[in-house]
file run_33.txt (compact mmCIF, C-alpha atoms)
# COMPACT_ATOMS: atom_id res chain seq x y z
CA MET A 1 28.43 104.71 39.74
CA THR A 2 31.64 104.36 41.76
CA GLY A 3 32.37 102.30 44.87
CA ARG A 4 32.15 98.51 44.84
CA VAL A 5 29.60 97.01 42.43
CA ALA A 6 28.64 93.44 41.54
CA VAL A 7 27.52 92.45 38.03
CA THR A 8 25.83 89.08 37.63
CA GLY A 9 26.29 87.69 34.15
CA GLY A 10 29.27 90.02 33.94
CA ALA A 11 31.14 87.84 31.43
CA GLY A 12 28.21 87.91 28.99
CA PHE A 13 27.33 90.26 26.15
CA ILE A 14 25.54 93.09 27.97
CA GLY A 15 27.08 92.36 31.37
CA SER A 16 30.67 92.71 30.16
CA HIS A 17 29.87 96.11 28.67
CA ILE A 18 28.38 97.18 32.01
CA VAL A 19 31.59 96.01 33.70
CA ASP A 20 33.72 98.07 31.34
CA ARG A 21 31.60 101.18 31.85
CA LEU A 22 31.71 100.86 35.65
CA LEU A 23 35.48 100.45 35.56
CA SER A 24 35.80 103.53 33.37
CA ARG A 25 33.97 105.49 36.08
CA GLY A 26 36.40 104.34 38.76
CA ALA A 27 34.34 101.56 40.35
CA GLU A 28 35.65 98.32 41.77
CA VAL A 29 33.72 95.50 40.10
CA VAL A 30 32.88 91.97 41.20
CA ILE A 31 32.02 89.90 38.12
CA VAL A 32 29.68 87.05 39.07
CA ASP A 33 29.21 84.49 36.31
CA ASN A 34 28.92 80.71 36.11
CA MET A 35 30.74 80.88 32.73
CA SER A 36 28.21 78.60 31.03
CA THR A 37 27.72 81.16 28.26
CA GLY A 38 30.00 83.96 29.46
CA GLN A 39 33.25 84.37 27.54
CA PRO A 40 36.65 84.79 29.25
CA ARG A 41 37.77 87.01 26.35
CA PHE A 42 34.99 89.49 27.12
CA ILE A 43 36.47 90.27 30.54
CA GLU A 44 40.21 89.95 29.90
CA GLY A 45 40.62 93.70 29.78
CA ALA A 46 38.52 94.22 32.88
CA LEU A 47 40.51 91.73 34.95
CA ALA A 48 43.77 93.25 33.70
CA THR A 49 42.89 96.58 35.36
CA GLY A 50 43.31 95.06 38.82
CA ARG A 51 39.99 96.59 39.90
CA ALA A 52 37.79 93.71 38.74
CA THR A 53 37.58 90.22 40.19
CA LEU A 54 35.79 87.16 38.84
CA VAL A 55 33.64 85.03 41.14
CA VAL A 56 32.56 81.87 39.35
CA ALA A 57 29.14 81.33 40.87
CA ASP A 58 25.62 80.49 39.75
CA VAL A 59 22.59 82.61 40.63
CA LYS A 60 20.72 79.38 41.31
CA GLN A 61 22.83 79.06 44.48
CA LEU A 62 22.25 81.60 47.27
CA GLU A 63 25.25 81.36 49.59
CA PRO A 64 27.98 82.16 47.04
CA LEU A 65 26.04 85.29 46.10
CA VAL A 66 25.95 86.50 49.71
CA ASP A 67 29.74 86.24 49.85
CA ALA A 68 30.20 87.88 46.44
CA PHE A 69 27.98 90.86 47.31
CA ALA A 70 29.69 91.62 50.63
CA GLY A 71 30.74 95.25 50.74
CA CYS A 72 28.97 96.17 47.49
CA ASP A 73 26.98 99.35 46.98
CA ALA A 74 24.86 98.02 44.13
CA VAL A 75 24.13 94.94 42.03
CA TYR A 76 23.56 94.95 38.28
CA HIS A 77 21.63 91.74 37.66
CA LEU A 78 22.19 90.57 34.08
CA ALA A 79 22.52 86.80 34.59
CA ALA A 80 19.67 84.95 32.87
CA ASN A 81 18.68 82.35 30.36
CA ALA A 82 18.06 84.45 27.26
CA ASP A 83 17.12 81.64 24.86
CA VAL A 84 13.49 82.56 24.20
CA ARG A 85 13.08 80.29 21.21
CA HIS A 86 13.75 76.98 22.97
CA GLY A 87 11.82 77.73 26.18
CA PRO A 88 9.11 75.12 25.53
CA GLU A 89 11.79 72.44 25.17
CA HIS A 90 13.23 73.27 28.62
CA PRO A 91 10.30 74.68 30.61
CA ARG A 92 12.05 74.75 33.98
CA ARG A 93 15.14 76.60 32.76
CA ASP A 94 13.50 80.03 32.71
CA LEU A 95 12.03 79.46 36.16
CA ASP A 96 15.34 78.36 37.67
CA GLU A 97 17.70 80.78 35.99
CA ASN A 98 15.48 83.85 35.68
CA THR A 99 12.86 83.83 38.43
CA ILE A 100 14.52 81.81 41.20
CA GLY A 101 17.88 83.28 40.21
CA THR A 102 16.45 86.78 40.69
CA PHE A 103 15.03 85.81 44.08
CA ASN A 104 18.46 84.55 45.13
CA VAL A 105 20.10 87.79 43.98
CA LEU A 106 17.60 89.85 46.00
CA GLU A 107 17.89 87.69 49.10
CA ALA A 108 21.68 87.77 48.89
CA MET A 109 21.50 91.55 48.61
CA ARG A 110 19.33 91.72 51.73
CA ARG A 111 21.69 89.52 53.69
CA ALA A 112 24.78 91.37 52.44
CA GLY A 113 23.27 94.79 53.11
CA VAL A 114 23.14 95.95 49.47
CA GLY A 115 20.23 98.25 48.72
CA ARG A 116 20.45 99.21 45.04
CA VAL A 117 19.73 96.98 42.02
CA ALA A 118 19.53 97.30 38.23
CA PHE A 119 17.62 94.53 36.46
CA SER A 120 17.65 93.52 32.80
CA SER A 121 14.06 92.66 31.95
CA THR A 122 12.59 92.47 28.45
CA GLY A 123 10.00 93.92 26.13
CA SER A 124 8.69 90.37 25.89
CA VAL A 125 6.78 90.96 29.15
CA TYR A 126 4.19 92.86 27.06
CA GLY A 127 3.28 89.70 25.15
CA GLU A 128 1.44 90.68 21.99
CA ALA A 129 0.60 94.20 23.09
CA LYS A 130 -2.54 95.97 21.88
CA VAL A 131 -1.01 99.42 22.42
CA ILE A 132 1.72 100.27 19.88
CA PRO A 133 4.19 101.80 20.60
CA THR A 134 3.93 100.17 24.02
CA PRO A 135 4.47 102.31 27.15
CA GLU A 136 5.58 100.98 30.53
CA ASP A 137 2.07 101.33 31.97
CA ALA A 138 0.30 99.52 29.12
CA PRO A 139 -2.29 96.90 30.15
CA PHE A 140 -0.60 93.53 30.39
CA PRO A 141 -1.92 90.84 28.03
CA LEU A 142 -1.54 87.13 28.52
CA GLN A 143 2.10 86.05 28.52
CA THR A 144 3.20 84.35 25.32
CA SER A 145 6.67 83.07 26.29
CA LEU A 146 8.13 81.31 29.30
CA TYR A 147 11.03 83.76 29.10
CA GLY A 148 8.77 86.81 29.31
CA ALA A 149 6.75 85.27 32.12
CA SER A 150 9.90 84.49 34.12
CA LYS A 151 11.20 88.03 33.71
CA LEU A 152 7.87 89.55 34.73
CA ALA A 153 7.93 87.39 37.85
CA GLY A 154 11.42 88.73 38.55
CA GLU A 155 10.13 92.28 38.22
CA GLY A 156 7.43 91.50 40.77
CA LEU A 157 9.95 90.13 43.24
CA ILE A 158 12.12 93.21 42.85
CA ALA A 159 9.22 95.57 43.50
CA ALA A 160 8.17 93.55 46.55
CA TYR A 161 11.72 93.51 47.99
CA ALA A 162 11.97 97.26 47.40
CA GLU A 163 8.76 97.78 49.36
CA ALA A 164 9.72 95.40 52.16
CA TYR A 165 13.39 96.30 52.59
CA GLY A 166 13.77 99.77 51.14
CA PHE A 167 15.73 98.77 48.04
CA THR A 168 16.15 101.22 45.18
CA ALA A 169 15.50 99.45 41.87
CA ARG A 170 15.77 100.24 38.19
CA ILE A 171 14.06 97.78 35.84
CA PHE A 172 14.93 97.94 32.13
CA ARG A 173 12.67 96.38 29.51
CA PHE A 174 14.92 95.96 26.48
CA VAL A 175 14.27 95.39 22.85
CA SER A 176 16.92 93.10 21.34
CA ILE A 177 20.42 94.50 21.85
CA LEU A 178 23.07 94.50 19.12
CA GLY A 179 26.76 95.32 18.97
CA GLU A 180 30.21 94.10 19.91
CA ARG A 181 30.30 90.78 21.85
CA TYR A 182 26.80 89.91 20.58
CA SER A 183 26.57 86.14 20.79
CA HIS A 184 23.01 85.10 19.95
CA GLY A 185 20.12 86.36 17.87
CA HIS A 186 19.16 86.86 14.25
CA VAL A 187 22.35 88.57 13.01
CA PHE A 188 24.45 85.80 14.55
CA ASP A 189 22.20 83.07 13.12
CA PHE A 190 21.98 84.58 9.62
CA TYR A 191 25.73 85.16 9.41
CA GLN A 192 26.47 81.61 10.56
CA ARG A 193 24.04 80.16 8.00
CA LEU A 194 25.44 82.29 5.19
CA LEU A 195 28.98 81.19 6.00
CA ALA A 196 27.82 77.59 5.70
CA ASP A 197 25.85 78.21 2.48
CA PRO A 198 26.16 81.63 0.81
CA SER A 199 23.62 80.65 -1.85
CA SER A 200 20.62 80.10 0.41
CA LEU A 201 19.13 81.46 3.62
CA THR A 202 16.27 79.87 5.54
CA VAL A 203 14.23 82.36 7.59
CA LEU A 204 11.91 81.45 10.46
CA GLY A 205 8.51 82.99 9.74
CA ASP A 206 7.49 85.08 6.75
CA GLY A 207 10.15 87.75 7.27
CA LYS A 208 7.56 90.46 7.84
CA GLN A 209 8.00 90.45 11.62
CA ARG A 210 8.56 94.02 12.79
CA LYS A 211 11.27 94.46 15.39
CA SER A 212 13.19 97.25 17.06
CA TYR A 213 16.85 96.87 18.04
CA LEU A 214 19.24 98.94 20.14
CA TYR A 215 23.03 99.32 20.04
CA ILE A 216 24.83 98.09 23.15
CA GLU A 217 26.55 101.37 24.01
CA ASP A 218 23.23 103.22 23.74
CA CYS A 219 21.76 100.62 26.11
CA VAL A 220 24.58 101.08 28.62
CA ASP A 221 24.26 104.87 28.39
CA ALA A 222 20.61 104.57 29.40
CA ILE A 223 21.30 102.23 32.30
CA GLU A 224 24.07 104.46 33.62
CA LEU A 225 21.83 107.54 33.43
CA ALA A 226 18.89 105.89 35.16
CA MET A 227 21.08 104.47 37.92
CA SER A 228 22.40 107.96 38.67
CA ASP A 229 18.87 109.27 39.25
CA ALA A 230 17.94 109.17 42.94
CA GLN A 231 14.14 109.22 42.48
CA PRO A 232 11.83 107.34 42.55
CA ARG A 233 12.59 104.23 44.63
CA VAL A 234 11.40 101.84 41.90
CA ALA A 235 11.33 102.83 38.23
CA VAL A 236 10.66 100.85 35.06
CA TYR A 237 12.13 101.99 31.74
CA ASN A 238 11.62 100.78 28.19
CA LEU A 239 14.81 100.86 26.14
CA GLY A 240 14.55 100.91 22.36
CA GLN A 241 14.48 103.00 19.23
CA ASP A 242 11.81 105.34 17.86
CA HIS A 243 11.64 103.19 14.75
CA TYR A 244 11.61 99.52 13.76
CA CYS A 245 12.41 97.34 10.78
CA GLU A 246 11.13 94.17 9.21
CA VAL A 247 13.25 91.03 9.34
CA ARG A 248 13.45 91.30 5.55
CA ASP A 249 15.09 94.74 5.93
CA SER A 250 17.75 93.31 8.22
CA ILE A 251 18.40 90.46 5.81
CA GLY A 252 18.90 92.98 3.02
CA TRP A 253 21.44 94.97 5.04
CA ILE A 254 23.34 91.82 6.04
CA THR A 255 23.49 90.26 2.58
CA ALA A 256 24.43 93.57 0.94
CA HIS A 257 27.28 94.06 3.42
CA LEU A 258 28.52 90.54 2.69
CA GLY A 259 28.11 90.99 -1.07
CA LEU A 260 25.73 88.05 -1.32
CA SER A 261 22.41 87.42 -3.09
CA PRO A 262 21.14 84.19 -1.54
CA GLU A 263 17.83 82.55 -2.30
CA LEU A 264 15.57 83.35 0.64
CA LYS A 265 13.38 80.55 1.98
CA PHE A 266 10.65 81.86 4.25
CA GLY A 267 8.32 80.04 6.60
CA THR A 268 4.56 80.31 6.32
CA GLY A 269 3.53 81.96 9.59
CA ASP A 270 3.86 85.50 10.93
CA ARG A 271 6.23 84.40 13.71
CA GLY A 272 9.36 82.29 13.88
CA TRP A 273 8.62 80.23 17.00
CA ILE A 274 6.21 79.85 19.90
CA GLY A 275 6.32 83.11 21.86
CA ASP A 276 7.79 85.14 19.01
CA ASN A 277 6.00 88.48 18.98
CA PRO A 278 5.54 89.58 15.35
CA PHE A 279 5.53 93.29 16.30
CA ILE A 280 7.69 94.76 19.09
CA PHE A 281 7.85 98.54 19.31
CA LEU A 282 8.27 100.23 22.69
CA ASP A 283 7.43 103.77 23.77
CA CYS A 284 10.67 105.04 25.32
CA GLY A 285 9.45 108.50 26.26
CA ARG A 286 10.06 107.93 29.98
CA MET A 287 13.76 107.23 29.41
CA ARG A 288 13.99 110.07 26.90
CA GLY A 289 12.64 112.32 29.64
CA LEU A 290 15.93 111.81 31.51
CA GLY A 291 17.80 113.19 28.51
CA TRP A 292 18.78 109.89 26.87
CA GLN A 293 18.97 109.63 23.09
CA PRO A 294 20.21 106.63 21.07
CA ARG A 295 23.10 107.47 18.78
CA LEU A 296 23.05 104.58 16.29
CA SER A 297 20.20 103.63 13.97
CA ILE A 298 18.97 100.06 13.72
CA ARG A 299 20.69 99.62 10.37
CA ASP A 300 24.04 100.89 11.69
CA SER A 301 23.69 98.64 14.73
CA VAL A 302 23.15 95.60 12.52
CA ILE A 303 26.22 96.45 10.40
CA LYS A 304 28.46 97.08 13.44
CA THR A 305 27.34 93.73 14.86
CA LEU A 306 28.11 91.96 11.61
CA GLU A 307 31.53 93.61 11.38
CA TYR A 308 32.32 92.45 14.90
CA LEU A 309 31.34 88.86 14.07
CA GLN A 310 33.45 88.97 10.90
CA ALA A 311 36.46 90.07 12.95
CA ASN A 312 35.78 87.56 15.75
CA ARG A 313 34.92 84.31 14.03
CA TRP A 314 36.03 82.45 17.17
CA LEU A 315 32.71 83.43 18.74
CA LEU A 316 30.78 81.39 16.19
CA ASP A 317 32.62 78.27 17.36
CA ALA A 318 32.38 79.18 21.05
CA ARG A 319 28.58 79.20 21.03

call {"tool": "encode", "arguments": {"input": "run_33.txt", "output": "C-alpha cells"}}
result
Amino acid sequence: MTGRVAVTGGAGFIGSHIVDRLLSRGAEVVIVDNMSTGQPRFIEGALATGRATLVVADVKQLEPLVDAFAGCDAVYHLAANADVRHGPEHPRRDLDENTIGTFNVLEAMRRAGVGRVAFSSTGSVYGEAKVIPTPEDAPFPLQTSLYGASKLAGEGLIAAYAEAYGFTARIFRFVSILGERYSHGHVFDFYQRLLADPSSLTVLGDGKQRKSYLYIEDCVDAIELAMSDAQPRVAVYNLGQDHYCEVRDSIGWITAHLGLSPELKFGTGDRGWIGDNPFIFLDCGRMRGLGWQPRLSIRDSVIKTLEYLQANRWLLDAR
C-alpha cells in the first residue's frame, strides 16, 4: 500500500516491521506509539528515511489519534497489551488498551475520514477450540483469557463500524509471531533464564503444550497481500503454519543451539497459566487461497529469533 498510512504500535515488534514494509513500497508512514513498550531502535531506520514521522500518543486517548490520522488512507492497528499471562493481575488493562483503544482508533478514523483498517487479533479468540485445526468460522467456545476476550470485542467493533460507515477491514488472527525485534514470549523467557543459570530451566506447565508459531516476515507478507485485495469489505484471516510443535521441542532447539544441557524442571499441569491454551493450531486455508505461503519452518523461526536475541542483548535489559 502506498499513500499516507498510520501504524499504531509502530515502534513495537510487529508494528515496526509493518512500518518498514510500507516504506519499502513507497508509502509515507505515521508511527503512533506511546513508547511504553515500543523501542526507539526499532524505528531509527524508518525515521531516517524522511518519510516516517513519530507521533507519541496513546490509543486510550481519542483526540491525538484524530490529528495523527488526518490525511491517511489506511490505519494498521497493532497497538495493544499483549501480556496474556498476567491478565488476571491487571483485569482492566486489556479492556482499556485493547477494546477501548480499538474503539478510539475506529472513531478517530471516522472523524479523520479514513476508511481502511488492518487489525492484529489473535488465535486466542478461539479459546480451547473443539475443531482442530481451527478455521475462521469455527463455533466460538467460552473465552478463556481476558486478552482473547478483549481482542474479540475489538473485532466486533470493527465489523460494526464497517457496516455503519463503510470501512474496509482486514482482521488477522495470529499464532505467536517470532523473529527479529521479538521482545516477549517463550524464546525470550527461556534465553533470559538460561543466561542467568545455564544449568537449569524452569518451564511453566508440563512442556507438552502444542503450539504453532510464524516468522515475522511471513506474517507481514500475509498482511500486505490481504490488504491489497479489494474484496470483501470485511475479511478475517488466520495466520499460522500447517504444523505445530511441543514446548519441549522448542526447548530442545534452543538448548542445542546454545550448546547447553540444562536440567529441565516442569510444572504439573497441561498449561502454563490461566488462559493458556494447551493446543493452538489454526486452519489457514483462507489465507493460502490468496496465494500466501510461509517460507520459514517453526524450528527455523525459533533459531532466527534466538540469534537475534544473542546479537541484541540490550533488548533483554530494555524489557

call {"tool": "residues_around", "arguments": {"input": "run_33.txt", "residues": "Arg41 (chain A)", "least_positions_apart": "2", "cutoff": "10 Å", "atoms": "all atoms listed in the file", "output": "short mmCIF file (atom, residue, chain, number, x, y, z; two decimals) with C-alpha atoms, in the frame of the given file"}}
result
data_model
loop_
_atom_site.label_atom_id
_atom_site.label_comp_id
_atom_site.auth_asym_id
_atom_site.auth_seq_id
_atom_site.Cartn_x
_atom_site.Cartn_y
_atom_site.Cartn_z
CA ALA A 11 31.14 87.84 31.43
CA GLY A 12 28.21 87.91 28.99
CA SER A 16 30.67 92.71 30.16
CA GLY A 38 30.00 83.96 29.46
CA GLN A 39 33.25 84.37 27.54
CA ILE A 43 36.47 90.27 30.54
CA GLU A 44 40.21 89.95 29.90
CA GLY A 45 40.62 93.70 29.78
CA ALA A 46 38.52 94.22 32.88
CA ARG A 181 30.30 90.78 21.85
CA LEU A 315 32.71 83.43 18.74
#

call {"tool": "closest_residue", "arguments": {"input": "run_33.txt", "among": "A:Phe119, A:Trp273, A:Phe140, A:Phe103", "to": "Thr8 (chain A)", "atoms": "only C-alpha atoms"}}
result
A:Phe119

call {"tool": "atom_distance", "arguments": {"input": "run_33.txt", "atom1": "CA of Gly15 (chain A)", "atom2": "CA of Phe42 (chain A)"}}
result
9.4 Å

call {"tool": "closest_residue", "arguments": {"input": "run_33.txt", "among": "A:Gly156, A:Pro278, A:Gly179, A:Gly269", "to": "Gln209 (chain A)", "atoms": "all atoms listed in the file"}}
result
A:Pro278

call {"tool": "residues_around", "arguments": {"input": "run_33.txt", "residues": "Ser176 (chain A)", "least_positions_apart": "4", "cutoff": "10 Å", "atoms": "only C-alpha atoms", "output": "PyMOL selection string"}}
result
chain A and resi 122-124+185-186+211-216+239-240+280

call {"tool": "atom_distance", "arguments": {"input": "run_33.txt", "atom1": "CA of Gln231 (chain A)", "atom2": "CA of Leu106 (chain A)"}}
result
20.0 Å

call {"tool": "atom_distance", "arguments": {"input": "run_33.txt", "atom1": "CA of Gly50 (chain A)", "atom2": "CA of Asp218 (chain A)"}}
result
26.4 Å

call {"tool": "closest_residue", "arguments": {"input": "run_33.txt", "among": "A:Thr2, A:Ser183, A:Thr305, A:Gln293", "to": "Ala222 (chain A)", "atoms": "all atoms listed in the file"}}
result
A:Gln293

call {"tool": "axis_aligned_box", "arguments": {"input": "run_33.txt", "around": "region 114-131 of chain A", "padding_each_side": "5 Å", "output": "JSON"}}
result
{"center_x": 10.3, "center_y": 94.6, "center_z": 35.7, "size_x": 35.7, "size_y": 19.7, "size_z": 37.6}

call {"tool": "residues_near_point", "arguments": {"input": "run_33.txt", "point": "(16.3, 85.8, 41.8)", "cutoff": "12 Å", "atoms": "all atoms listed in the file", "output": "ChimeraX atom specification"}}
result
/A:8,58-62,65,77-80,94-110,117,119-120,150-158,161

call {"tool": "closest_residue", "arguments": {"input": "run_33.txt", "among": "A:His86, A:Val114, A:Pro64, A:His257", "to": "Val5 (chain A)", "atoms": "only C-alpha atoms"}}
result
A:Val114

call {"tool": "residues_around", "arguments": {"input": "run_33.txt", "residues": "Leu23 (chain A)", "least_positions_apart": "6", "cutoff": "8 Å", "atoms": "all atoms listed in the file", "output": "list of chain:residue names"}}
result
A:Val29, A:Ala46, A:Arg51, A:Ala52

call {"tool": "closest_residue", "arguments": {"input": "run_33.txt", "among": "A:Glu217, A:Asp189, A:Glu136, A:Asp73", "to": "Ala235 (chain A)", "atoms": "all atoms listed in the file"}}
result
A:Glu136

call {"tool": "closest_residue", "arguments": {"input": "run_33.txt", "among": "A:Ser199, A:Ser228, A:Thr53, A:Thr168", "to": "Phe69 (chain A)", "atoms": "only C-alpha atoms"}}
result
A:Thr53

call {"tool": "decode", "arguments": {"input": "run_33.txt", "residues": "region 163-175 of chain A", "atoms": "N, CA and C atoms", "output": "compact mmCIF listing (two decimals), in the first residue's frame"}}
result
# COMPACT_ATOMS: atom_id res chain seq x y z
N GLU A 163 -19.88 -1.85 8.90
CA GLU A 163 -21.27 -1.87 8.45
C GLU A 163 -21.88 -0.48 8.51
N ALA A 164 -21.58 0.25 9.57
CA ALA A 164 -22.21 1.56 9.76
C ALA A 164 -21.60 2.65 8.89
N TYR A 165 -20.30 2.58 8.64
CA TYR A 165 -19.62 3.70 7.99
C TYR A 165 -18.89 3.31 6.71
N GLY A 166 -19.06 2.07 6.27
CA GLY A 166 -18.47 1.66 5.00
C GLY A 166 -16.98 1.40 5.03
N PHE A 167 -16.42 1.15 6.21
CA PHE A 167 -15.00 0.83 6.30
C PHE A 167 -14.70 -0.48 5.58
N THR A 168 -13.48 -0.60 5.08
CA THR A 168 -12.94 -1.88 4.64
C THR A 168 -11.98 -2.36 5.72
N ALA A 169 -12.15 -3.62 6.16
CA ALA A 169 -11.38 -4.11 7.29
C ALA A 169 -10.78 -5.48 7.00
N ARG A 170 -9.56 -5.66 7.47
CA ARG A 170 -8.89 -6.95 7.43
C ARG A 170 -8.48 -7.29 8.86
N ILE A 171 -8.99 -8.41 9.36
CA ILE A 171 -8.74 -8.85 10.73
C ILE A 171 -7.86 -10.09 10.67
N PHE A 172 -6.73 -10.06 11.39
CA PHE A 172 -5.77 -11.15 11.34
C PHE A 172 -5.66 -11.82 12.70
N ARG A 173 -6.00 -13.10 12.75
CA ARG A 173 -5.88 -13.88 13.97
C ARG A 173 -4.57 -14.64 13.92
N PHE A 174 -3.58 -14.14 14.67
CA PHE A 174 -2.23 -14.68 14.64
C PHE A 174 -2.07 -15.86 15.59
N VAL A 175 -1.17 -16.77 15.24
CA VAL A 175 -0.48 -17.56 16.26
C VAL A 175 0.62 -16.65 16.81
